[in-house]
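Here's data18.txt, which has compact mmCIF, C-alpha atoms and all ligand atoms:
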# COMPACT_ATOMS: atom_id res chain seq x y z
CA MET P 1 -87.68 107.03 28.19
CA ASN P 2 -86.63 110.64 28.55
CA PRO P 3 -86.32 112.04 24.98
CA GLY P 4 -83.30 114.18 25.89
CA VAL P 5 -81.20 111.17 26.78
CA ARG P 6 -79.18 109.54 24.04
CA VAL P 7 -78.95 105.80 23.54
CA LYS P 8 -75.66 103.97 23.02
CA THR P 9 -75.36 100.64 21.30
CA PHE P 10 -72.53 98.27 22.12
CA LYS P 11 -71.73 94.64 22.86
CA ILE P 12 -71.53 92.66 26.06
CA ASP P 13 -70.04 89.19 25.65
CA GLY P 14 -70.86 89.34 21.95
CA LEU P 15 -74.51 90.23 22.55
CA ASP P 16 -75.82 93.44 20.95
CA VAL P 17 -77.20 95.69 23.67
CA ALA P 18 -78.40 99.27 24.05
CA GLY P 19 -78.32 101.56 27.05
CA ARG P 20 -79.01 105.17 27.91
CA GLU P 21 -75.91 107.32 28.08
CA ASP P 22 -76.44 107.80 31.84
CA GLN P 23 -76.31 104.06 32.49
CA THR P 24 -73.31 102.03 33.51
CA VAL P 25 -72.07 98.81 31.95
CA LEU P 26 -73.36 97.03 35.06
CA ASP P 27 -76.87 98.52 34.66
CA VAL P 28 -77.15 97.34 31.08
CA ALA P 29 -75.67 93.92 31.80
CA THR P 30 -78.16 93.45 34.64
CA GLU P 31 -81.05 94.45 32.39
CA HIS P 32 -79.98 91.76 29.95
CA GLY P 33 -79.56 89.11 32.60
CA ILE P 34 -75.77 89.00 32.23
CA PRO P 35 -74.31 88.35 35.67
CA ILE P 36 -71.37 90.45 36.87
CA PRO P 37 -70.30 89.88 40.47
CA THR P 38 -70.59 92.94 42.70
CA MET P 39 -70.10 93.70 46.36
CA CYS P 40 -69.78 97.39 47.16
CA HIS P 41 -72.47 98.26 44.61
CA LEU P 42 -76.05 98.37 45.85
CA GLU P 43 -78.99 99.56 43.77
CA GLY P 44 -80.26 102.79 45.31
CA LEU P 45 -76.87 104.02 46.55
CA THR P 46 -74.19 105.96 44.70
CA SER P 47 -71.62 103.58 43.23
CA VAL P 48 -68.03 104.12 44.31
CA GLY P 49 -66.06 101.34 42.64
CA ALA P 50 -64.43 100.27 45.89
CA CYS P 51 -64.31 96.48 45.79
CA ARG P 52 -63.28 95.90 42.14
CA LEU P 53 -65.16 92.61 41.94
CA CYS P 54 -67.14 93.90 38.98
CA LEU P 55 -64.03 94.46 36.83
CA VAL P 56 -64.64 93.80 33.14
CA GLU P 57 -62.50 93.90 30.03
CA VAL P 58 -63.17 96.39 27.26
CA VAL P 59 -61.67 95.28 23.96
CA GLY P 60 -58.86 97.62 22.92
CA ARG P 61 -58.13 98.84 26.44
CA SER P 62 -55.41 97.33 28.55
CA ARG P 63 -56.89 98.43 31.88
CA LEU P 64 -59.73 96.53 33.47
CA LEU P 65 -62.72 98.71 34.32
CA PRO P 66 -65.20 98.43 37.21
CA ALA P 67 -68.57 97.89 35.52
CA CYS P 68 -70.51 99.62 38.32
CA VAL P 69 -68.95 103.02 37.59
CA THR P 70 -68.11 102.71 33.89
CA PRO P 71 -70.55 104.62 31.66
CA VAL P 72 -71.69 102.93 28.47
CA GLU P 73 -70.01 104.02 25.25
CA GLU P 74 -71.04 103.69 21.66
CA GLY P 75 -69.39 100.71 20.00
CA MET P 76 -67.57 99.37 23.05
CA ALA P 77 -67.10 95.61 23.34
CA VAL P 78 -67.29 94.39 26.92
CA VAL P 79 -66.11 91.00 28.15
CA THR P 80 -67.50 90.03 31.53
CA ASN P 81 -66.26 86.55 32.24
CA SER P 82 -62.84 85.73 30.81
CA GLU P 83 -60.41 83.39 32.51
CA ARG P 84 -58.32 86.41 33.47
CA LEU P 85 -61.25 88.16 35.12
CA GLN P 86 -62.27 85.05 37.00
CA ASN P 87 -58.74 84.70 38.36
CA TYR P 88 -58.64 88.32 39.47
CA ARG P 89 -62.03 88.08 41.14
CA ARG P 90 -61.01 84.99 43.08
CA MET P 91 -57.79 86.72 44.08
CA LEU P 92 -59.73 89.76 45.31
CA LEU P 93 -61.99 87.58 47.40
CA GLU P 94 -59.04 85.69 48.84
CA MET P 95 -57.46 89.01 49.81
CA LEU P 96 -60.67 90.02 51.57
CA PHE P 97 -60.67 86.75 53.49
CA VAL P 98 -57.06 87.07 54.70
CA GLU P 99 -57.34 90.79 55.45
CA GLY P 100 -60.07 90.38 58.06
CA ASN P 101 -61.10 87.61 60.42
CA HIS P 102 -63.91 85.78 58.65
CA ILE P 103 -64.93 82.73 60.61
CA CYS P 104 -68.16 81.72 58.92
CA ALA P 105 -68.91 78.86 61.30
CA VAL P 106 -69.55 81.25 64.19
CA CYS P 107 -70.99 84.15 62.18
CA VAL P 108 -74.54 85.50 62.51
CA SER P 109 -74.61 85.84 58.72
CA ASN P 110 -73.45 82.31 57.91
CA GLY P 111 -75.48 81.18 54.91
CA HIS P 112 -76.72 84.69 54.12
CA CYS P 113 -73.39 86.43 53.65
CA GLU P 114 -72.52 88.07 50.34
CA LEU P 115 -68.80 87.46 50.81
CA GLN P 116 -69.41 83.78 51.46
CA GLY P 117 -71.88 83.61 48.58
CA LEU P 118 -69.45 85.20 46.13
CA ALA P 119 -66.69 82.85 47.21
CA GLN P 120 -68.96 79.91 46.52
CA THR P 121 -70.23 81.21 43.18
CA LEU P 122 -66.80 82.19 41.93
CA GLY P 123 -65.19 78.98 43.10
CA VAL P 124 -62.80 80.12 45.83
CA THR P 125 -61.86 76.72 47.18
CA HIS P 126 -58.76 77.67 49.07
CA VAL P 127 -56.81 80.78 49.97
CA HIS P 128 -53.31 81.28 48.56
CA PHE P 129 -52.24 84.19 50.78
CA PRO P 130 -51.11 84.18 54.39
CA TYR P 131 -53.81 85.24 56.85
CA HIS P 132 -53.20 88.59 58.56
CA TYR P 133 -55.23 87.93 61.70
CA PRO P 134 -55.60 91.67 62.35
CA ASP P 135 -56.54 92.83 65.80
CA ARG P 136 -59.92 94.45 65.24
CA PRO P 137 -62.48 95.55 67.81
CA VAL P 138 -66.14 94.68 68.31
CA ASP P 139 -68.46 97.48 69.44
CA ALA P 140 -71.63 96.26 71.12
CA SER P 141 -72.39 99.55 72.89
CA HIS P 142 -75.51 100.25 70.83
CA SER P 143 -78.72 99.02 72.43
CA ARG P 144 -79.85 97.13 69.32
CA PHE P 145 -76.89 96.75 66.97
CA VAL P 146 -73.33 95.46 66.95
CA VAL P 147 -70.40 96.24 64.67
CA ASP P 148 -67.76 93.52 64.43
CA HIS P 149 -64.87 95.01 62.48
CA ASP P 150 -63.39 91.52 61.98
CA ARG P 151 -66.00 90.93 59.30
CA CYS P 152 -65.92 94.33 57.61
CA VAL P 153 -64.87 94.33 53.95
CA MET P 154 -64.82 98.15 53.60
CA CYS P 155 -67.54 98.24 50.96
CA THR P 156 -68.78 101.50 52.58
CA ARG P 157 -72.43 100.69 51.96
CA CYS P 158 -73.18 101.64 55.58
CA VAL P 159 -71.46 105.00 55.10
CA ARG P 160 -73.43 105.71 51.94
CA VAL P 161 -76.86 104.60 53.12
CA CYS P 162 -76.46 106.60 56.33
CA ASN P 163 -75.46 109.72 54.43
CA GLU P 164 -77.51 109.42 51.25
CA VAL P 165 -80.73 107.86 52.49
CA GLU P 166 -81.01 108.46 56.22
CA GLY P 167 -79.19 111.80 56.03
CA ALA P 168 -77.40 111.32 59.35
CA HIS P 169 -73.82 110.71 58.15
CA THR P 170 -73.00 108.92 61.38
CA TRP P 171 -70.59 106.57 59.59
CA ASP P 172 -67.46 107.42 57.69
CA VAL P 173 -64.10 105.86 56.92
CA MET P 174 -61.05 106.64 59.04
CA GLY P 175 -57.35 106.09 58.45
CA ASN P 176 -55.59 104.86 55.34
CA GLY P 177 -53.87 101.79 53.94
CA ALA P 178 -54.29 98.65 56.00
CA ASN P 179 -55.61 100.70 58.92
CA VAL P 180 -58.85 101.86 57.35
CA ARG P 181 -61.99 101.26 59.36
CA VAL P 182 -65.57 102.49 59.41
CA VAL P 183 -66.27 104.74 62.39
CA THR P 184 -69.26 106.37 64.01
CA ASP P 185 -68.86 110.08 64.77
CA LEU P 186 -65.40 110.77 66.23
CA ASN P 187 -64.59 107.05 66.45
CA GLU P 188 -66.70 106.88 69.59
CA ALA P 189 -68.80 104.06 70.96
CA TRP P 190 -71.76 103.65 68.62
CA GLY P 191 -74.16 103.55 71.55
CA ARG P 192 -73.16 107.06 72.53
CA SER P 193 -73.49 108.54 69.06
CA GLU P 194 -75.38 111.83 68.97
CA THR P 195 -76.09 111.57 65.27
CA CYS P 196 -77.25 107.96 64.95
CA THR P 197 -81.03 107.73 64.69
CA GLY P 198 -81.03 104.00 65.34
CA CYS P 199 -82.78 103.36 62.01
CA GLY P 200 -80.76 100.23 61.24
CA LYS P 201 -80.33 100.94 57.52
CA CYS P 202 -76.57 100.39 57.79
CA VAL P 203 -77.14 96.98 59.38
CA HIS P 204 -79.40 95.81 56.59
CA VAL P 205 -77.22 96.96 53.68
CA CYS P 206 -74.06 95.41 55.15
CA PRO P 207 -73.06 92.47 52.92
CA THR P 208 -71.49 90.45 55.74
CA GLY P 209 -72.00 89.90 59.44
CA ALA P 210 -69.98 93.02 60.31
CA LEU P 211 -73.18 94.86 61.20
CA PHE P 212 -75.96 92.89 62.82
CA GLU P 213 -78.89 93.10 65.20
CA LYS P 214 -78.53 91.90 68.73
CA GLY P 215 -80.39 88.77 69.68
CA HIS P 216 -79.33 86.69 66.68
CA SER P 217 -77.11 83.68 66.96
CA VAL P 218 -75.12 81.84 64.29
CA ALA P 219 -76.71 82.03 60.81
CA GLU P 220 -79.81 83.85 62.08
CA MET P 221 -79.22 87.36 60.77
CA LEU P 222 -81.29 87.94 57.66
CA LYS P 223 -80.83 91.29 56.00
CA LYS P 224 -83.92 93.07 54.73
CA ARG P 225 -83.28 95.46 51.89
CA GLN P 226 -86.70 96.17 50.44
CA PHE P 227 -86.71 99.57 52.15
CA LEU P 228 -84.08 100.88 49.76
CA PRO P 229 -85.89 100.72 46.39
CA TYR P 230 -89.10 101.63 48.25
CA LEU P 231 -87.68 104.81 49.80
CA THR P 232 -86.03 105.78 46.52
CA ALA P 233 -89.30 105.38 44.64
CA MET P 234 -91.37 107.21 47.28
CA ARG P 235 -89.00 110.15 47.34
CA ARG P 236 -89.02 110.44 43.59
CA ARG P 237 -92.79 110.90 43.74
CA GLN P 238 -92.56 113.87 46.10
CA MET X 1 -72.43 136.96 56.46
CA LYS X 2 -72.11 133.85 58.55
CA THR X 3 -70.36 134.26 61.86
CA VAL X 4 -68.95 131.74 64.30
CA LYS X 5 -72.01 130.04 65.75
CA SER X 6 -70.77 127.60 68.30
CA ALA X 7 -68.55 128.86 71.08
CA ALA X 8 -64.86 128.03 70.98
CA PRO X 9 -63.90 125.08 73.21
CA SER X 10 -62.02 127.36 75.64
CA THR X 11 -60.98 130.94 76.18
CA ASP X 12 -57.55 130.09 74.79
CA ASN X 13 -56.62 132.96 72.45
CA ARG X 14 -55.38 130.55 69.84
CA TRP X 15 -58.95 129.75 68.85
CA ARG X 16 -59.02 133.21 67.26
CA ILE X 17 -56.47 131.98 64.76
CA VAL X 18 -58.69 129.03 63.93
CA ASP X 19 -61.78 131.24 63.73
CA ALA X 20 -59.99 133.65 61.42
CA ALA X 21 -59.08 130.79 59.09
CA MET X 22 -62.66 129.55 58.96
CA ARG X 23 -64.00 133.07 58.41
CA ARG X 24 -61.53 133.68 55.60
CA LEU X 25 -62.91 130.59 53.86
CA GLY X 26 -66.51 131.67 54.41
CA PHE X 27 -67.30 128.88 56.92
CA GLN X 28 -67.77 126.53 53.99
CA PRO X 29 -67.52 122.76 54.44
CA HIS X 30 -64.67 122.70 51.90
CA ALA X 31 -62.61 124.75 54.35
CA LEU X 32 -62.20 121.60 56.44
CA ILE X 33 -58.69 120.55 55.43
CA GLU X 34 -57.30 124.06 55.62
CA THR X 35 -58.91 124.58 59.04
CA LEU X 36 -57.49 121.33 60.33
CA HIS X 37 -54.03 122.42 59.13
CA VAL X 38 -54.29 125.75 60.91
CA THR X 39 -55.53 124.07 64.10
CA GLN X 40 -52.78 121.48 63.95
CA GLU X 41 -50.13 124.15 63.46
CA THR X 42 -51.53 126.30 66.23
CA PHE X 43 -52.15 123.63 68.85
CA GLY X 44 -49.67 120.95 67.83
CA PHE X 45 -52.37 118.28 67.66
CA LEU X 46 -56.08 117.82 67.15
CA ASP X 47 -58.14 116.79 70.12
CA GLU X 48 -61.80 115.90 70.42
CA ASP X 49 -62.84 119.42 71.41
CA ALA X 50 -61.15 120.86 68.36
CA LEU X 51 -62.71 118.33 65.99
CA ARG X 52 -66.18 118.90 67.45
CA TYR X 53 -65.84 122.66 67.22
CA ILE X 54 -64.66 122.59 63.63
CA ALA X 55 -67.39 120.11 62.64
CA ALA X 56 -70.10 122.26 64.21
CA THR X 57 -68.78 125.53 62.81
CA LEU X 58 -68.29 124.32 59.24
CA GLY X 59 -71.38 122.11 59.25
CA VAL X 60 -69.44 118.93 58.45
CA PRO X 61 -70.46 115.56 59.96
CA LEU X 62 -68.28 114.43 62.88
CA SER X 63 -67.33 111.16 61.22
CA GLN X 64 -66.21 112.97 58.09
CA VAL X 65 -64.01 115.32 60.10
CA TYR X 66 -62.54 112.32 61.86
CA GLY X 67 -62.01 110.54 58.55
CA VAL X 68 -60.11 113.45 57.05
CA ALA X 69 -58.09 114.04 60.24
CA THR X 70 -56.96 110.41 60.28
CA PHE X 71 -56.42 110.00 56.54
CA TYR X 72 -53.63 112.54 56.09
CA ARG X 73 -50.34 111.96 57.82
CA ALA X 74 -49.96 115.71 58.26
CA PHE X 75 -52.47 115.58 61.10
CA THR X 76 -51.82 114.27 64.58
CA LEU X 77 -54.67 113.31 66.85
CA LYS X 78 -54.13 113.54 70.54
CA PRO X 79 -52.49 110.17 71.18
CA LYS X 80 -54.92 107.66 72.71
CA GLY X 81 -53.99 106.93 76.32
CA ALA X 82 -51.92 110.08 76.67
CA HIS X 83 -53.09 111.73 79.89
CA HIS X 84 -50.71 114.61 79.45
CA THR X 85 -49.53 116.60 76.48
CA CYS X 86 -46.65 118.98 76.04
CA VAL X 87 -46.61 121.07 72.88
CA VAL X 88 -43.39 122.95 72.27
CA CYS X 89 -43.29 125.86 69.89
CA THR X 90 -40.89 125.54 66.96
CA GLY X 91 -41.42 129.10 65.69
CA THR X 92 -38.48 131.32 64.88
CA ALA X 93 -38.46 133.22 68.18
CA CYS X 94 -38.62 130.07 70.28
CA HIS X 95 -36.01 128.40 68.14
CA LEU X 96 -33.57 131.26 68.59
CA LYS X 97 -34.25 131.49 72.32
CA GLY X 98 -33.20 127.95 73.07
CA LEU X 99 -35.76 125.38 71.94
CA PRO X 100 -33.12 123.03 70.46
CA GLU X 101 -31.38 122.72 73.85
CA ILE X 102 -34.69 121.97 75.57
CA LEU X 103 -35.56 119.28 73.03
CA ALA X 104 -32.11 117.76 73.41
CA ALA X 105 -32.54 117.64 77.19
CA LEU X 106 -35.96 115.95 76.94
CA GLU X 107 -34.50 113.42 74.56
CA ALA X 108 -31.42 112.73 76.68
CA GLU X 109 -33.13 112.64 80.06
CA LEU X 110 -36.53 111.16 79.26
CA GLY X 111 -36.07 109.59 75.85
CA LEU X 112 -38.85 111.89 74.70
CA SER X 113 -38.79 113.24 71.13
CA PRO X 114 -41.41 115.20 69.19
CA GLY X 115 -44.21 112.94 68.10
CA GLY X 116 -43.33 110.41 70.79
CA SER X 117 -44.43 109.60 74.32
CA THR X 118 -42.81 108.62 77.57
CA PRO X 119 -42.24 104.84 77.87
CA ASP X 120 -45.48 104.43 79.86
CA GLY X 121 -47.36 106.28 77.10
CA LYS X 122 -48.86 108.69 79.62
CA ALA X 123 -47.20 111.88 78.38
CA ALA X 124 -46.87 112.89 74.72
CA LEU X 125 -44.57 115.52 73.21
CA MET X 126 -45.69 117.43 70.16
CA THR X 127 -44.70 120.54 68.25
CA ALA X 128 -46.58 123.56 66.97
CA ARG X 129 -45.42 125.95 64.27
CA CYS X 130 -46.09 129.04 66.35
CA LEU X 131 -48.02 129.32 69.59
CA ALA X 132 -48.54 133.07 69.01
CA SER X 133 -46.74 133.92 72.24
CA CYS X 134 -43.44 134.96 70.76
CA GLY X 135 -42.86 137.46 73.56
CA LEU X 136 -42.62 134.53 75.98
CA ALA X 137 -40.16 132.55 73.85
CA PRO X 138 -39.30 129.82 74.30
CA ALA X 139 -42.88 128.76 74.93
CA ALA X 140 -44.68 125.47 75.39
CA VAL X 141 -48.17 124.38 76.39
CA PHE X 142 -48.41 121.81 79.17
CA ASP X 143 -51.89 120.26 79.35
CA GLY X 144 -53.44 123.37 77.85
CA LYS X 145 -51.51 125.79 80.02
CA MET X 146 -49.07 128.17 78.35
CA VAL X 147 -45.64 128.32 79.93
CA GLY X 148 -43.18 130.99 78.76
CA ASN X 149 -39.45 131.53 79.22
CA LEU X 150 -39.06 127.80 79.32
CA THR X 151 -35.77 126.22 80.32
CA SER X 152 -34.63 122.61 80.07
CA ALA X 153 -34.90 122.36 83.85
CA THR X 154 -38.52 123.56 84.06
CA ALA X 155 -39.58 121.41 81.11
CA LEU X 156 -37.99 118.31 82.64
CA LYS X 157 -39.49 119.07 86.02
CA ARG X 158 -43.02 119.36 84.68
CA ILE X 159 -42.89 116.19 82.68
CA ARG X 160 -41.23 114.25 85.49
CA GLN X 161 -44.03 115.35 87.79
CA TRP X 162 -46.58 113.85 85.43
CA VAL X 163 -44.74 110.59 85.05
CA GLU X 164 -44.12 110.15 88.76
CA HIS X 165 -47.63 111.20 89.64
CA GLU X 166 -49.10 108.62 87.32
CA SER X 167 -46.98 105.73 88.50
S1 LIG P 301 -69.25 96.46 42.69
FE1 LIG P 301 -68.13 97.60 41.29
S2 LIG P 301 -66.33 98.02 42.36
FE2 LIG P 301 -67.54 97.03 43.87
S1 LIG P 302 -42.20 131.55 67.82
FE1 LIG P 302 -42.76 130.64 69.69
S2 LIG P 302 -44.63 131.53 70.14
FE2 LIG P 302 -44.15 132.29 68.22
Structure encoded using structure tokens:
Amino acid sequence: MNPGVRVKTFKIDGLDVAGREDQTVLDVATEHGIPIPTMCHLEGLTSVGACRLCLVEVVGRSRLLPACVTPVEEGMAVVTNSERLQNYRRMLLEMLFVEGNHICAVCVSNGHCELQGLAQTLGVTHVHFPYHYPDRPVDASHSRFVVDHDRCVMCTRCVRVCNEVEGAHTWDVMGNGANVRVVTDLNEAWGRSETCTGCGKCVHVCPTGALFEKGHSVAEMLKKRQFLPYLTAMRRRQ
Amino acid sequence: MKTVKSAAPSTDNRWRIVDAAMRRLGFQPHALIETLHVTQETFGFLDEDALRYIAATLGVPLSQVYGVATFYRAFTLKPKGAHHTCVVCTGTACHLKGLPEILAALEAELGLSPGGSTPDGKAALMTARCLASCGLAPAAVFDGKMVGNLTSATALKRIRQWVEHES
């Protein structure tokens, strides 16, 4: 451990834990095997606190805090799994389901989807909100990849991996409110992008079937993520 | 000192206003929002050429420029599907020389108001703060071409030509 970095001691779900001051609540919880659901967070990318699934309670504070971007503090008492949090997390997932068009039965990622997996783990049995059925496009102009915006949950992992790891910054987020969408370059056909290197990192970090490789049918798209910790480690050595 | 590297999208003099804004801010990526504002005010909308030019000159990724340009309501992208654009100048000189009457005529005759399009969506009407052609007031730009001493009759005629031609 770097001697210049201070250590903070605090509690997670009653357990005494310690973390470096540059760690987040999520980091320390993960180290201690305490599960906190996450979606936009991905080890190796900057955390942005977009999805709010990792919300935790901190005793003495009325606001819920996203564990993935909350730095550890001396003496804090974190609660990761109260009834209230479970309700909020299910509600968030339900909102994601109604906001897009998630039809698992016909999806390339069926069975390997993080959204589907979270819904199962957190016990989303039915959806209490009306479905929006938004009109969202599919772009299959790239020779190897497809983006189906119906299945996008706006986690922005693709945007971050493209910018932070590949260095191309082909993806970004356009619009605001209910009209947000990930775009390539000037919202042009992906296949005509001048900046895309075709590396496929975005496809493999995508938690759902929004980004996938051509040539896969229902349930066949397996995402391979080992490149991310590998590249991070290799670059640190340079 | 950094100078403008990529060539302006056209010989339109208004690009000098955009260039001056970028130069004033040292061609830094953080000049993006200000540059978009100046471009919007000067041209009345942001089209693909403008976004590409600004991205290249400030060294900002295309998708980021697009993200910023679509996030803020202050910016108008060239409407999708609009084959023709008319940008009327709302500067002081143009206002005093009869712009309100022209706008009223477009509204009454074609149902066209600033920010809107003709019913078929083919022609869009937009406004710019000053087209830097005050001597020609009232001025408007029809599909990139500056037209001075505009009257309601000439404005109507030009837009009607587009609409009829397209149908
Ligand atoms: S994982 Fe923390 S906000 Fe998404
Ligand atoms: S006021 Fe119209 S061009 Fe300047």
Set the cut-off to 8 Å and count all atoms listed in the file: what are the residues of chain X that reach chain P? Output as an MDAnalysis selection string. chainID X and resid 48 61:68 70:72
Name the residues in contact with Cys202 (chain P) at a cut-off of 12 Å, using only C-alpha atoms, excluding same-chain residues fewer than 3 positions from it; report them as a ChimeraX atom specification. /P:45,145-147,155-172,182,184,196-199,205-213,223-225,227-228
Using all atoms listed in the file, which residues of the polymer chains come no farther than 8 Å from ligand LIG 301 (chain P)? I'd like the answer as a VMD selection string. chain P and resid 37 to 42 47 to 55 66 to 69 155
Do a neighbour search on region 97-107 of chain X at 10 Å with all atoms listed in the file, toss out local chain neighbours closer than 4 positions, and write the hits as JSON, numbers by chain. {"X": [88, 89, 90, 91, 92, 93, 111, 112, 113, 114, 125, 134, 136, 137, 138, 139, 140, 149, 150, 151, 152, 153, 154, 155, 156, 159]}
Any idea what's packed within 10 Å of Thr125 (chain P), counting all atoms listed in the file, ignoring anything in its chain fewer than 6 positions away? Could you give it as a list in words?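 Once the nearby chain positions are removed, what remains is Arg90, Glu94 and Ala119 of chain P.
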Using all atoms listed in the file, can you tell me which of X:Lys122, X:His83, X:His95, X:Lys145 comes closest to ligand LIG 302 (chain P)?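 Using all atoms listed in the file, the shortest distance to ligand LIG 302 (chain P) belongs to X:His95.
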Do a neighbour search on Met95 (chain P) at 9 Å with all atoms listed in the file, toss out local chain neighbours closer than 3 positions, and write the hits as a PDB file with C-alpha atoms, keeping the file's coordinate frame.
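Resulting contents of around.pdb:
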ATOM      1  CA  ARG P  90     -61.010  84.990  43.080  1.00  0.00           C
ATOM      2  CA  MET P  91     -57.790  86.720  44.080  1.00  0.00           C
ATOM      3  CA  LEU P  92     -59.730  89.760  45.310  1.00  0.00           C
ATOM      4  CA  VAL P  98     -57.060  87.070  54.700  1.00  0.00           C
ATOM      5  CA  GLU P  99     -57.340  90.790  55.450  1.00  0.00           C
ATOM      6  CA  GLY P 100     -60.070  90.380  58.060  1.00  0.00           C
ATOM      7  CA  VAL P 127     -56.810  80.780  49.970  1.00  0.00           C
ATOM      8  CA  HIS P 128     -53.310  81.280  48.560  1.00  0.00           C
ATOM      9  CA  PHE P 129     -52.240  84.190  50.780  1.00  0.00           C
ATOM     10  CA  TYR P 131     -53.810  85.240  56.850  1.00  0.00           C
TER      11      TYR P 131
END
Just give me the gap between CA of Ala18 (chain P) and CA of Arg61 (chain P) in Å, one decimal is fine. 20.4 Å
Determine, counting all atoms listed in the file, which protein, DNA and RNA residues have an atom within 9 Å of an atom of His30 (chain X); residues of the same chain fewer than 4 positions away are not included. Present the result as a list in words.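 Contacts, with the query itself left out: Leu25, Glu34, Leu58 and Val60 of chain X.
With CA of Leu93 (chain P) on one side and CA of Arg136 (chain P) on the other, the separation reads 19.2 Å.
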Starting from the incomplete input, reconstruct N, CA, C and O atoms of region 14-25 of chain P and report them as a PDB file, in the coordinates of the input.
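result.pdb was written with the following content:
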ATOM      1  N   GLY P  14     -70.431  89.647  23.312  1.00  0.00           N
ATOM      2  CA  GLY P  14     -70.860  89.340  21.950  1.00  0.00           C
ATOM      3  C   GLY P  14     -72.325  89.655  21.674  1.00  0.00           C
ATOM      4  O   GLY P  14     -72.760  89.651  20.522  1.00  0.00           O
ATOM      5  N   LEU P  15     -73.081  89.945  22.727  1.00  0.00           N
ATOM      6  CA  LEU P  15     -74.510  90.230  22.550  1.00  0.00           C
ATOM      7  C   LEU P  15     -74.702  91.722  22.244  1.00  0.00           C
ATOM      8  O   LEU P  15     -74.094  92.571  22.897  1.00  0.00           O
ATOM      9  N   ASP P  16     -75.540  92.037  21.253  1.00  0.00           N
ATOM     10  CA  ASP P  16     -75.820  93.440  20.950  1.00  0.00           C
ATOM     11  C   ASP P  16     -76.770  93.996  21.998  1.00  0.00           C
ATOM     12  O   ASP P  16     -77.845  93.448  22.222  1.00  0.00           O
ATOM     13  N   VAL P  17     -76.357  95.095  22.627  1.00  0.00           N
ATOM     14  CA  VAL P  17     -77.200  95.690  23.670  1.00  0.00           C
ATOM     15  C   VAL P  17     -77.284  97.199  23.447  1.00  0.00           C
ATOM     16  O   VAL P  17     -76.483  97.782  22.712  1.00  0.00           O
ATOM     17  N   ALA P  18     -78.261  97.820  24.121  1.00  0.00           N
ATOM     18  CA  ALA P  18     -78.400  99.270  24.050  1.00  0.00           C
ATOM     19  C   ALA P  18     -78.660  99.800  25.440  1.00  0.00           C
ATOM     20  O   ALA P  18     -79.338  99.152  26.243  1.00  0.00           O
ATOM     21  N   GLY P  19     -78.087 100.952  25.741  1.00  0.00           N
ATOM     22  CA  GLY P  19     -78.320 101.560  27.050  1.00  0.00           C
ATOM     23  C   GLY P  19     -78.360 103.061  26.934  1.00  0.00           C
ATOM     24  O   GLY P  19     -77.823 103.634  25.979  1.00  0.00           O
ATOM     25  N   ARG P  20     -79.018 103.707  27.884  1.00  0.00           N
ATOM     26  CA  ARG P  20     -79.010 105.170  27.910  1.00  0.00           C
ATOM     27  C   ARG P  20     -77.614 105.643  28.281  1.00  0.00           C
ATOM     28  O   ARG P  20     -76.889 104.963  29.000  1.00  0.00           O
ATOM     29  N   GLU P  21     -77.263 106.831  27.840  1.00  0.00           N
ATOM     30  CA  GLU P  21     -75.910 107.320  28.080  1.00  0.00           C
ATOM     31  C   GLU P  21     -75.620 107.514  29.580  1.00  0.00           C
ATOM     32  O   GLU P  21     -74.475 107.549  29.990  1.00  0.00           O
ATOM     33  N   ASP P  22     -76.672 107.626  30.404  1.00  0.00           N
ATOM     34  CA  ASP P  22     -76.440 107.800  31.840  1.00  0.00           C
ATOM     35  C   ASP P  22     -76.399 106.460  32.576  1.00  0.00           C
ATOM     36  O   ASP P  22     -76.376 106.430  33.800  1.00  0.00           O
ATOM     37  N   GLN P  23     -76.386 105.362  31.831  1.00  0.00           N
ATOM     38  CA  GLN P  23     -76.310 104.060  32.490  1.00  0.00           C
ATOM     39  C   GLN P  23     -74.867 103.556  32.522  1.00  0.00           C
ATOM     40  O   GLN P  23     -74.028 103.963  31.720  1.00  0.00           O
ATOM     41  N   THR P  24     -74.627 102.646  33.441  1.00  0.00           N
ATOM     42  CA  THR P  24     -73.310 102.030  33.510  1.00  0.00           C
ATOM     43  C   THR P  24     -73.348 100.680  32.793  1.00  0.00           C
ATOM     44  O   THR P  24     -74.427 100.152  32.498  1.00  0.00           O
ATOM     45  N   VAL P  25     -72.164 100.139  32.562  1.00  0.00           N
ATOM     46  CA  VAL P  25     -72.070  98.810  31.950  1.00  0.00           C
ATOM     47  C   VAL P  25     -72.816  97.802  32.822  1.00  0.00           C
ATOM     48  O   VAL P  25     -73.531  96.937  32.326  1.00  0.00           O
TER      49      VAL P  25
END
